[in-house]
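One file, upload_38.txt, is given below (compact mmCIF, C-alpha atoms and all ligand atoms).
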```
# COMPACT_ATOMS: atom_id res chain seq x y z
CA MET P 1 87.61 0.52 -13.64
CA SER P 2 84.95 -0.34 -16.13
CA LEU P 3 81.41 0.75 -15.44
CA PHE P 4 80.16 -2.49 -16.82
CA GLN P 5 79.95 -5.83 -15.20
CA LYS P 6 81.24 -8.47 -17.55
CA LYS P 7 79.58 -11.36 -15.74
CA HIS P 8 75.88 -12.10 -15.27
CA LYS P 9 75.28 -12.34 -18.97
CA ARG P 10 71.54 -12.25 -19.29
CA LYS P 11 69.68 -12.45 -22.54
CA HIS P 12 66.63 -10.36 -23.30
CA LYS P 13 63.53 -12.24 -22.45
CA SER P 14 61.61 -12.65 -25.64
CA SER P 15 58.71 -10.65 -24.18
CA SER P 16 60.95 -7.57 -23.78
CA PHE P 17 61.08 -7.01 -27.52
CA ALA P 18 57.82 -6.39 -29.27
CA PRO P 19 58.14 -6.89 -33.02
CA ALA P 20 54.79 -5.23 -33.65
CA GLU P 21 56.23 -1.96 -32.32
CA ASN P 22 59.54 -1.97 -34.13
CA GLN P 23 57.89 -2.80 -37.43
CA LYS P 24 56.74 0.79 -37.66
CA THR P 25 60.28 2.16 -37.53
CA LEU P 26 62.71 -0.31 -39.03
CA HIS P 27 63.44 0.38 -42.65
CA LYS P 28 63.01 -3.19 -43.74
CA ASN P 29 59.38 -3.06 -42.69
CA LEU P 30 58.54 0.34 -44.11
CA GLU P 31 57.17 1.43 -47.42
CA PHE P 32 58.04 5.08 -47.02
CA THR P 33 61.76 4.70 -46.78
CA ALA P 34 64.12 2.93 -49.07
CA THR P 35 66.48 0.39 -47.56
CA GLU P 36 69.04 1.36 -50.14
CA GLN P 37 69.11 4.94 -48.88
CA TYR P 38 70.19 3.85 -45.41
CA LYS P 39 72.85 1.66 -46.94
CA LEU P 40 74.03 4.62 -48.97
CA LEU P 41 74.18 6.68 -45.79
CA ARG P 42 76.29 3.95 -44.19
CA ALA P 43 78.65 3.94 -47.18
CA ASN P 44 78.97 7.73 -47.18
CA LEU P 45 79.65 7.75 -43.46
CA GLU P 46 82.50 5.31 -43.87
CA PHE P 47 84.17 7.95 -46.08
CA THR P 48 83.55 10.90 -43.78
CA ILE P 49 84.71 9.33 -40.54
CA PRO P 50 88.37 10.16 -39.83
CA GLU P 51 90.62 7.27 -40.82
CA GLY P 52 91.79 5.04 -38.00
CA GLU P 53 89.08 6.22 -35.60
CA LYS P 54 88.35 3.39 -33.17
CA CYS P 55 84.61 3.16 -32.60
CA PRO P 56 83.29 6.42 -34.06
CA VAL P 57 80.51 8.01 -32.02
CA ILE P 58 77.90 9.52 -34.32
CA GLY P 59 75.33 11.97 -32.97
CA VAL P 60 72.04 12.43 -34.82
CA THR P 61 70.28 15.74 -34.45
CA SER P 62 68.18 18.28 -36.37
CA SER P 63 66.83 21.78 -35.94
CA MET P 64 63.36 20.95 -34.60
CA ARG P 65 61.23 18.02 -33.47
CA GLY P 66 59.62 15.49 -35.74
CA GLU P 67 62.21 15.70 -38.49
CA GLY P 68 63.17 12.02 -38.27
CA LYS P 69 66.20 11.99 -35.93
CA SER P 70 65.14 8.90 -34.00
CA THR P 71 63.99 7.08 -37.13
CA THR P 72 67.36 7.85 -38.75
CA ALA P 73 69.35 6.85 -35.65
CA VAL P 74 67.51 3.51 -35.38
CA ASN P 75 67.95 2.67 -39.04
CA LEU P 76 71.53 3.86 -39.34
CA SER P 77 72.59 1.79 -36.35
CA TYR P 78 70.67 -1.16 -37.75
CA VAL P 79 72.33 -1.09 -41.19
CA LEU P 80 75.76 -0.72 -39.56
CA ALA P 81 75.09 -3.82 -37.45
CA GLU P 82 73.64 -5.62 -40.45
CA LYS P 83 77.03 -5.34 -42.13
CA GLY P 84 78.65 -7.15 -39.22
CA SER P 85 79.85 -4.28 -37.01
CA LYS P 86 79.07 -4.35 -33.31
CA VAL P 87 76.84 -1.32 -32.86
CA LEU P 88 75.26 0.45 -29.91
CA LEU P 89 72.34 2.83 -30.34
CA ILE P 90 71.97 5.20 -27.37
CA ASP P 91 68.79 7.17 -26.74
CA GLY P 92 70.39 10.47 -25.79
CA ASP P 93 67.09 12.35 -25.82
CA LEU P 94 66.76 12.50 -22.06
CA ARG P 95 63.72 14.78 -22.26
CA ILE P 96 61.41 12.99 -24.69
CA PRO P 97 63.02 9.59 -25.24
CA SER P 98 61.41 7.59 -28.04
CA VAL P 99 63.74 4.78 -29.08
CA ALA P 100 62.45 2.27 -26.50
CA LYS P 101 58.86 2.98 -27.47
CA LYS P 102 59.64 2.75 -31.17
CA MET P 103 61.41 -0.58 -30.67
CA GLY P 104 58.99 -2.01 -28.12
CA ILE P 105 61.57 -2.44 -25.36
CA LYS P 106 61.80 -1.23 -21.77
CA GLY P 107 62.96 2.38 -21.38
CA SER P 108 64.84 1.67 -18.19
CA PRO P 109 67.51 0.81 -17.07
CA GLY P 110 69.42 2.90 -19.55
CA LEU P 111 71.88 5.72 -20.07
CA THR P 112 70.93 7.68 -16.94
CA ASP P 113 71.56 4.59 -14.80
CA LEU P 114 75.09 4.31 -16.22
CA LEU P 115 75.60 8.03 -15.65
CA MET P 116 74.54 7.58 -12.04
CA GLY P 117 77.22 4.94 -11.65
CA LYS P 118 74.88 1.96 -11.51
CA GLY P 119 76.70 -0.97 -13.03
CA ALA P 120 75.03 -2.87 -15.85
CA SER P 121 75.84 -5.75 -18.09
CA ILE P 122 75.98 -4.66 -21.69
CA ALA P 123 74.59 -8.06 -22.66
CA ASP P 124 71.25 -6.89 -21.23
CA PHE P 125 70.99 -4.37 -24.05
CA ARG P 126 71.50 -6.75 -26.92
CA THR P 127 68.56 -6.84 -29.31
CA GLU P 128 67.01 -9.98 -30.59
CA LEU P 129 66.78 -8.67 -34.11
CA LEU P 130 70.48 -8.72 -34.93
CA GLU P 131 73.35 -10.44 -33.16
CA GLU P 132 75.55 -7.33 -33.03
CA TRP P 133 72.90 -4.64 -32.48
CA TYR P 134 72.54 -3.22 -28.97
CA ILE P 135 70.16 -0.54 -27.77
CA LEU P 136 70.74 1.51 -24.63
CA PRO P 137 67.48 3.31 -23.79
CA SER P 138 67.44 6.66 -22.00
CA GLY P 139 66.67 5.33 -18.53
CA ASP P 140 64.64 7.49 -16.14
CA ILE P 141 64.29 11.13 -17.18
CA PRO P 142 66.73 13.29 -15.17
CA PRO P 143 66.19 16.92 -14.11
CA ASN P 144 69.40 18.14 -15.80
CA PRO P 145 69.83 16.40 -19.19
CA SER P 146 72.13 18.99 -20.73
CA GLU P 147 74.61 18.93 -17.83
CA LEU P 148 74.56 15.14 -17.73
CA LEU P 149 75.24 14.73 -21.45
CA GLY P 150 78.23 17.08 -21.33
CA SER P 151 79.61 15.71 -18.06
CA SER P 152 82.88 13.94 -17.35
CA ARG P 153 80.71 11.02 -16.27
CA MET P 154 79.32 10.84 -19.83
CA GLU P 155 82.87 10.95 -21.13
CA ALA P 156 83.80 8.00 -18.89
CA VAL P 157 80.73 6.02 -19.96
CA LEU P 158 81.48 6.65 -23.65
CA ASN P 159 85.13 5.72 -23.18
CA ASP P 160 84.08 2.42 -21.65
CA LEU P 161 81.54 1.72 -24.36
CA ARG P 162 84.02 2.60 -27.09
CA LYS P 163 86.14 -0.34 -26.00
CA MET P 164 83.23 -2.72 -26.59
CA PHE P 165 81.74 -1.53 -29.87
CA ASP P 166 82.70 -0.71 -33.46
CA TYR P 167 80.16 2.12 -33.74
CA ILE P 168 78.03 4.12 -31.34
CA VAL P 169 75.05 6.11 -32.63
CA ILE P 170 73.40 8.63 -30.28
CA ASP P 171 69.88 9.89 -30.89
CA LEU P 172 69.87 13.50 -29.64
CA PRO P 173 67.28 16.26 -29.11
CA PRO P 174 66.93 19.11 -31.62
CA VAL P 175 69.58 21.83 -31.59
CA ASN P 176 67.27 24.88 -31.84
CA ILE P 177 65.24 23.94 -28.78
CA VAL P 178 67.63 22.67 -26.13
CA SER P 179 71.41 22.71 -25.78
CA ASP P 180 71.81 18.96 -25.09
CA ALA P 181 73.17 17.99 -28.52
CA LEU P 182 75.73 20.80 -28.36
CA SER P 183 76.71 19.85 -24.80
CA VAL P 184 77.73 16.35 -25.84
CA SER P 185 79.34 17.40 -29.13
CA HIS P 186 82.89 17.59 -27.74
CA LEU P 187 82.65 13.92 -26.75
CA ILE P 188 81.60 12.55 -30.14
CA THR P 189 83.26 12.00 -33.52
CA GLY P 190 80.68 14.02 -35.42
CA MET P 191 77.06 14.85 -36.03
CA ILE P 192 74.54 13.95 -38.68
CA VAL P 193 71.89 16.59 -39.26
CA VAL P 194 68.46 15.41 -40.33
CA ILE P 195 66.38 17.66 -42.58
CA ARG P 196 62.82 16.79 -43.44
CA GLU P 197 61.70 17.87 -46.84
CA GLY P 198 58.57 19.97 -46.82
CA TYR P 199 58.78 20.35 -43.03
CA THR P 200 62.11 21.84 -41.94
CA GLU P 201 61.99 25.60 -42.34
CA LYS P 202 64.92 27.40 -43.94
CA LYS P 203 65.34 29.84 -41.05
CA GLU P 204 65.34 26.98 -38.55
CA LEU P 205 67.97 25.15 -40.54
CA GLU P 206 70.13 28.27 -40.73
CA ALA P 207 69.83 28.74 -36.98
CA CYS P 208 70.72 25.08 -36.46
CA PHE P 209 73.93 25.38 -38.48
CA ARG P 210 74.79 28.63 -36.72
CA HIS P 211 74.56 26.83 -33.37
CA LEU P 212 76.61 23.88 -34.65
CA LYS P 213 79.28 26.17 -36.05
CA LEU P 214 79.53 28.27 -32.89
CA SER P 215 80.06 25.08 -30.89
CA ASN P 216 82.64 23.78 -33.37
CA VAL P 217 80.64 20.66 -34.05
CA ASN P 218 82.06 18.34 -36.68
CA VAL P 219 79.13 17.87 -39.08
CA LEU P 220 79.62 14.57 -40.88
CA GLY P 221 76.72 15.17 -43.23
CA CYS P 222 73.02 15.75 -43.64
CA VAL P 223 70.21 13.31 -44.16
CA MET P 224 67.29 14.46 -46.25
CA ASN P 225 64.36 12.61 -44.74
CA GLU P 226 61.22 11.97 -46.74
CA ALA P 227 62.91 13.42 -49.80
CA LYS P 228 60.73 13.59 -52.87
CA SER P 229 61.24 10.90 -55.41
CA GLY P 230 59.37 9.91 -58.49
CA ASN P 231 57.73 7.20 -56.41
CA GLY P 232 54.09 7.87 -55.66
CA ALA P 233 54.29 6.04 -52.33
CA TYR P 234 55.84 9.09 -50.66
CA GLY P 235 52.88 11.26 -51.58
CA LYS P 236 50.57 8.72 -50.06
CA TYR P 237 52.35 8.86 -46.70
CA ARG P 238 52.51 12.64 -46.69
CA LYS P 239 48.76 12.87 -46.79
CA LYS P 240 48.34 10.23 -44.16
CA TYR P 241 50.54 11.81 -41.46
CA ARG P 242 49.88 15.23 -39.99
CA TYR P 243 53.33 16.22 -38.88
CA TYR P 244 52.42 19.55 -37.35
CA LYS P 245 50.55 17.71 -34.64
CA TYR P 246 53.87 16.34 -33.47
CA TYR P 247 55.32 19.83 -33.52
CA ARG P 248 52.80 21.15 -31.03
CA TYR P 249 53.06 18.12 -28.79
CA TYR P 250 56.83 18.31 -28.56
CA GLN P 251 56.87 22.04 -28.07
CA SER P 252 55.07 21.75 -24.77
CA ASN P 253 57.50 19.12 -23.53
CA TYR P 254 60.82 20.76 -24.29
CA GLU P 255 61.97 23.83 -22.41
CA MET P 256 61.57 26.72 -24.78
CA PRO P 257 64.48 29.11 -25.34
CA LYS P 258 63.95 32.38 -23.39
CA ASP P 259 63.32 34.59 -26.44
CA GLU P 260 60.63 32.20 -27.66
CA GLN P 261 58.98 31.95 -24.24
CA GLN P 262 58.32 35.68 -24.19
CA LYS P 263 56.39 35.68 -27.46
N1 LIG F 1 60.28 9.46 -44.00
C1 LIG F 1 59.22 9.40 -43.21
N2 LIG F 1 57.98 9.22 -43.74
C2 LIG F 1 56.89 9.14 -42.94
N3 LIG F 1 56.93 9.21 -41.60
C3 LIG F 1 58.14 9.40 -41.02
C4 LIG F 1 59.35 9.51 -41.79
N4 LIG F 1 60.40 9.70 -40.94
C5 LIG F 1 59.85 9.74 -39.70
N5 LIG F 1 58.51 9.54 -39.75
C6 LIG F 1 57.56 9.55 -38.63
O1 LIG F 1 57.53 10.90 -38.15
C7 LIG F 1 57.48 10.92 -36.72
C8 LIG F 1 58.67 11.70 -36.17
O2 LIG F 1 59.86 10.96 -36.47
P1 LIG F 1 61.03 10.82 -35.40
O3 LIG F 1 62.08 9.98 -36.02
O4 LIG F 1 60.47 10.37 -34.09
O5 LIG F 1 61.47 12.35 -35.34
P2 LIG F 1 62.40 13.14 -34.30
O6 LIG F 1 63.21 12.13 -33.56
O7 LIG F 1 63.24 14.05 -35.16
O8 LIG F 1 61.49 13.92 -33.41
C9 LIG F 1 57.46 9.46 -36.29
O9 LIG F 1 56.14 9.07 -36.05
C10 LIG F 1 58.04 8.70 -37.46
O10 LIG F 1 57.55 7.39 -37.55
MG MG F 2 63.42 11.76 -31.51
```
Please lay out the structure from this file as structure tokens.
Ligand SMILES: Nc1ncnc2c1ncn2[C@@H]1O[C@H](COP(=O)(O)OP(=O)(O)O)[C@@H](O)[C@H]1O
Ligand SMILES: [Mg+2]
Amino acid sequence: MSLFQKKHKRKHKSSSFAPAENQKTLHKNLEFTATEQYKLLRANLEFTIPEGEKCPVIGVTSSMRGEGKSTTAVNLSYVLAEKGSKVLLIDGDLRIPSVAKKMGIKGSPGLTDLLMGKGASIADFRTELLEEWYILPSGDIPPNPSELLGSSRMEAVLNDLRKMFDYIVIDLPPVNIVSDALSVSHLITGMIVVIREGYTEKKELEACFRHLKLSNVNVLGCVMNEAKSGNGAYGKYRKKYRYYKYYRYYQSNYEMPKDEQQK
């Protein structure tokens, strides 16, 4: 039986989507990121996804926080929907969810409600920005995100969703900090790894790929976020944002791995 109720089609009330919020994240409103790069990512993905795969599920992760996973997941799902595919973006960061905040929508109900068996109409998650773009927020933060993401319940939810969409993109937490992204990896088509130039440390990236390899994760490719270009606009944004602030903030919110806790 499907977890989703097909009836009670309700549209988002216009107040549930705040354009002022999403303007900070969506590529079409940003100076710092080139629309063409996301389109290129979409084109490259179409080549890497196994042929004949019905509704590929693409996880987006990175080694640490603040590297641009959520920004990439939002924009990748957007450009896929822009091309006419029916796309669902899931906020799979059940510890520090950010998609709802970035897009100015309610964070709940969401994924955790579906995992708890609460029925929902998928129509409630349709965005107003694009006809075929749906966003499933995290829902309330659960005590056991890693177990939930790797559970048979998650498998059932994804199987149901796969029947309704052409693509599913899942925004996941960083690999080097919590095991959530690895837990869900056996349920997805593959993973995109985000690297932030001038921010991601080499040893962190090596550790990230070690984890992914040990868990047999199918890495579809890497996204170099904030890559240097000849364009001066990037330099401008670098100076404006102090990324290491984010680092400290996130560190206190994620559970630290045991060896790091002892330091
Ligand atoms: N290319 C970029 N240039 C400038 N700021 C960026 C860029 N990519 C992401 N950001 C900003 O950096 C912060 C962290 O990005 P986010 O996508 O939330 O990272 P993560 O999900 O990996 O923690 C956000 O405030 C986001 O708006
Ligand atoms: Mg994030």
Give the answer as one residue: which of P:Met64, P:Leu149, P:Ile58, P:Ala207 has the shortest atom-to-atom distance to ligand MG 2 (chain F), using all atoms listed in the file?
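Of P:Met64, P:Leu149, P:Ile58, P:Ala207, the one nearest ligand MG 2 (chain F), counting all atoms listed in the file, is P:Met64.
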Pairwise distance for CA of Met154 (chain P) and CA of Asp91 (chain P), rounded to one decimal in Å
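The value is 13.1 Å.
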So, counting only C-alpha atoms and all ligand atoms, which residue among P:Gly110, P:Pro173, P:Pro143, P:Gly84 is closest to ligand LIG 1 (chain F)?
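Comparing P:Gly110, P:Pro173, P:Pro143, P:Gly84 against ligand LIG 1 (chain F), the winner is P:Pro173.
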Given all atoms listed in the file as the basis, pick out the residue of P:Ala181, P:Met224, P:Val57, P:Ile188 nearest to His211 (chain P).
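Of P:Ala181, P:Met224, P:Val57, P:Ile188, the one nearest His211 (chain P) is P:Ala181, counting all atoms listed in the file.
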Among the residues P:Gly190, P:Pro174, P:Pro56, P:Pro137, the one that comes closest to ligand MG 2 (chain F) [using all atoms listed in the file]
P:Pro174
Hey, which of P:Arg65, P:Lys54, P:Arg95, P:Arg210 ends up closest to Pro142 (chain P)? Count all atoms listed in the file.
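The answer is P:Arg95, which sits nearest to Pro142 (chain P).
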Would you pick out the contacts of Arg42 (chain P) at 8 Å or less, using all atoms listed in the file, so that residues sharing its chain but fewer than 4 positions from it are not included, and give the list as a PyMOL selection string?
chain P and resi 38+46+76+79-80
Ligand MG 2 (chain F) neighbours within 9 Å using all atoms listed in the file, as a list in words
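Those within range of ligand MG 2 (chain F) are Thr61, Arg65, Gly66, Glu67, Gly68, Lys69, Ser70, Thr71, Ala73, Asp91, Asp93, Ile96, Pro97, Ser98, Val99, Asp171, Leu172, Pro173 and Pro174 of chain P.
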Selected residues written out with C-alpha atoms, as a short mmCIF file (atom, residue, chain, number, x, y, z; two decimals), in the coordinates of the input:
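Generated file (again-v2.cif):
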```cif
data_model
loop_
_atom_site.label_atom_id
_atom_site.label_comp_id
_atom_site.auth_asym_id
_atom_site.auth_seq_id
_atom_site.Cartn_x
_atom_site.Cartn_y
_atom_site.Cartn_z
CA THR P 61 70.28 15.74 -34.45
CA ARG P 65 61.23 18.02 -33.47
CA GLY P 66 59.62 15.49 -35.74
CA GLU P 67 62.21 15.70 -38.49
CA GLY P 68 63.17 12.02 -38.27
CA LYS P 69 66.20 11.99 -35.93
CA SER P 70 65.14 8.90 -34.00
CA THR P 71 63.99 7.08 -37.13
CA ALA P 73 69.35 6.85 -35.65
CA ASP P 91 68.79 7.17 -26.74
CA ASP P 93 67.09 12.35 -25.82
CA ILE P 96 61.41 12.99 -24.69
CA PRO P 97 63.02 9.59 -25.24
CA SER P 98 61.41 7.59 -28.04
CA VAL P 99 63.74 4.78 -29.08
CA ASP P 171 69.88 9.89 -30.89
CA LEU P 172 69.87 13.50 -29.64
CA PRO P 173 67.28 16.26 -29.11
CA PRO P 174 66.93 19.11 -31.62
#
```
Using all atoms listed in the file, which residue out of P:Asn44, P:Asn159, P:Gln37, P:Ser108 lies closest to Gly221 (chain P)?
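For Gly221 (chain P), the nearest of the candidates is P:Asn44.
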Would you mind reading off the distance between atom O8 of ligand LIG 1 (chain F) and CA of Leu45 (chain P), one decimal, in Å?
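Rounded to one decimal, the two atoms are 21.7 Å apart.
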Rounded to one decimal place, report the CA of Met191 (chain P)-CA of Asp124 (chain P) distance in Å.
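Between these atoms lies a distance of 26.9 Å.
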Edge lengths and centre in Å to one decimal, as lines of an AutoDock Vina configuration file, of the axis-aligned box that encloses all listed atoms of ligand LIG 1 (chain F) with 3 Å added on every side?
```
center_x = 59.7
center_y = 10.7
center_z = -38.7
size_x = 13.1
size_y = 12.7
size_z = 16.6
```
Residues within 8 Å of Leu88 (chain P), please, as a PDB file with C-alpha atoms, keeping the file's coordinate frame. Count all atoms listed in the file; anything in the same chain fewer than 5 positions from it doesn't count.
```
ATOM      1  CA  SER P  77      72.590   1.790 -36.350  1.00  0.00           C
ATOM      2  CA  TRP P 133      72.900  -4.640 -32.480  1.00  0.00           C
ATOM      3  CA  TYR P 134      72.540  -3.220 -28.970  1.00  0.00           C
ATOM      4  CA  ILE P 135      70.160  -0.540 -27.770  1.00  0.00           C
ATOM      5  CA  LEU P 136      70.740   1.510 -24.630  1.00  0.00           C
ATOM      6  CA  PHE P 165      81.740  -1.530 -29.870  1.00  0.00           C
ATOM      7  CA  TYR P 167      80.160   2.120 -33.740  1.00  0.00           C
ATOM      8  CA  ILE P 168      78.030   4.120 -31.340  1.00  0.00           C
ATOM      9  CA  VAL P 169      75.050   6.110 -32.630  1.00  0.00           C
TER      10      VAL P 169
END
```
Contacts of region 202-204 of chain P within 9 Å, all atoms listed in the file, excl. fewer than 4 positions in-chain, as a ChimeraX atom specification:
/P:63-64,176,208-209
Find the spatial neighbours of Gly150 (chain P), counting all atoms listed in the file, within a cut-off of 6 Å - ignore same-chain residues fewer than 3 positions away - and output them as a list in words.
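So the residues in contact are Glu147, Ser183 and Val184 of chain P.
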Next, the residues of the selection above should be written as a PDB file, in the frame of the given file with C-alpha atoms.
```pdb
ATOM      1  CA  GLU P 147      74.610  18.930 -17.830  1.00  0.00           C
ATOM      2  CA  SER P 183      76.710  19.850 -24.800  1.00  0.00           C
ATOM      3  CA  VAL P 184      77.730  16.350 -25.840  1.00  0.00           C
TER       4      VAL P 184
END
```
